[in-house]
Amino acid sequence: MVRDRFTPAEDAAIALKSILGHGEAVLEECATRLTTIKERIFNIRLCCFRIVSERELWKLDIDPEYGIPYKSMYRWIQVLYPSDDGLRYALEANSTQKALSAATVADLSEMKRCNAVPLASKFVSDTCRQDRAVIEAAKTATEKQFREKLNVDHGQHLESTEH
């Protein structure tokens with residue numbers, strides 16, 4: 001065991017504990033920021049995919065593998081997001097925006113992912129998805145509040161994600 005001969009053991013222990021504690025606090029802050037960034041990226045994808053889809057902008061791009069315009073938005077997204085994780089999240093955002101056709105781009109920009117994804121699922125009726133009050137709740141309610149609203153007020157049957 002290597003010992004620092006200049007710092008008393010008690011002082012060294014206090015200093016190292018402080019360094020390690022600060023490191024943990026920094027990691028927690030980074031995780032919080034990363035979560036916020038991921039949430040914003042999801043909103044940006046919802047909005048961009050809505051605009052690309054509605055205006056069929058993907059048709060204006062050339063598929064690099066075939067040298068001709070893309071045949072589908074799915075293929076355009078596949079090329080845009082070559083990694084499995086990127087593609088999975090992009091396809092989730094695209095299918096979410098498609099299912100939430102009553103939501104405007106402004107609505108999509110504010111919707112929480114934890115609410116938008118279940119709202120877009122096959123377990124929620126189209127009537128419920130079209131309801132302005134539900135769309136507004138998806139933007140402001142916590143995940144638990146939103147699921148309760150769908151289940152109690154709108155007769156949906158979404159399971160809780162709490163463990």
# chains A, B, ... in the order shown; residues from 1 in each chain; ligands from 1

$ residues_around --residues "A:Asn43" --least-positions-apart "3" --cutoff "12 Å" --atoms "only C-alpha atoms" --output "PyMOL selection string"
chain A and resi 36-40+46-50+89-90+92-94+96-97+105-117+139

$ residues_around --residues "A:Glu65" --least-positions-apart "6" --cutoff "12 Å" --atoms "only C-alpha atoms" --output "VMD selection string"
chain A and resid 75 to 76 78 to 79

$ select_by_dssp --residues "chain A" --states "alpha helix (DSSP H)" --output "ChimeraX atom specification"
/A:9-55,73-80,84-99,105-110,113-119,126-130,132-140,143-148,154

$ closest_residue --among "A:Thr140, A:Leu20, A:Arg45, A:Pro69" --to "A:Tyr81" --atoms "only C-alpha atoms"
A:Arg45

$ select_by_dssp --residues "stretch 9-154 of chain A" --states "strand (DSSP E)" --output "list of chain:residue names"
A:Ile62, A:Asp63, A:Ile68, A:Pro69

$ residues_around --residues "A:Leu100" --least-positions-apart "2" --cutoff "9 Å" --atoms "only C-alpha atoms" --output "JSON, numbers by chain"
{"A": [95, 96, 97, 98, 102, 103, 104, 108, 116, 119, 120, 126, 129, 130, 135]}

$ write_last_selection --atoms "C-alpha atoms" --output "CSV table (one decimal), in the first residue's frame"
chain,number,residue,atom,x,y,z
A,95,SER,CA,-44.7,6.6,-35.6
A,96,THR,CA,-45.6,8.8,-32.6
A,97,GLN,CA,-46.1,11.9,-34.7
A,98,LYS,CA,-48.1,9.9,-37.3
A,102,ALA,CA,-54.6,16.0,-34.3
A,103,ALA,CA,-51.6,17.5,-32.5
A,104,THR,CA,-50.1,20.5,-34.2
A,108,LEU,CA,-45.6,18.1,-30.5
A,116,ALA,CA,-46.7,11.1,-26.2
A,119,LEU,CA,-50.9,8.3,-26.3
A,120,ALA,CA,-49.8,7.1,-29.7
A,126,ASP,CA,-58.4,7.4,-32.0
A,129,ARG,CA,-56.0,10.9,-29.3
A,130,GLN,CA,-58.1,13.6,-31.1
A,135,ILE,CA,-53.3,16.6,-26.1

$ atom_distance --atom1 "atom CA of A:Leu150" --atom2 "atom CA of A:Leu91"
24.2 Å

$ atom_distance --atom1 "atom CA of A:Phe42" --atom2 "atom CA of A:Cys30"
18.2 Å
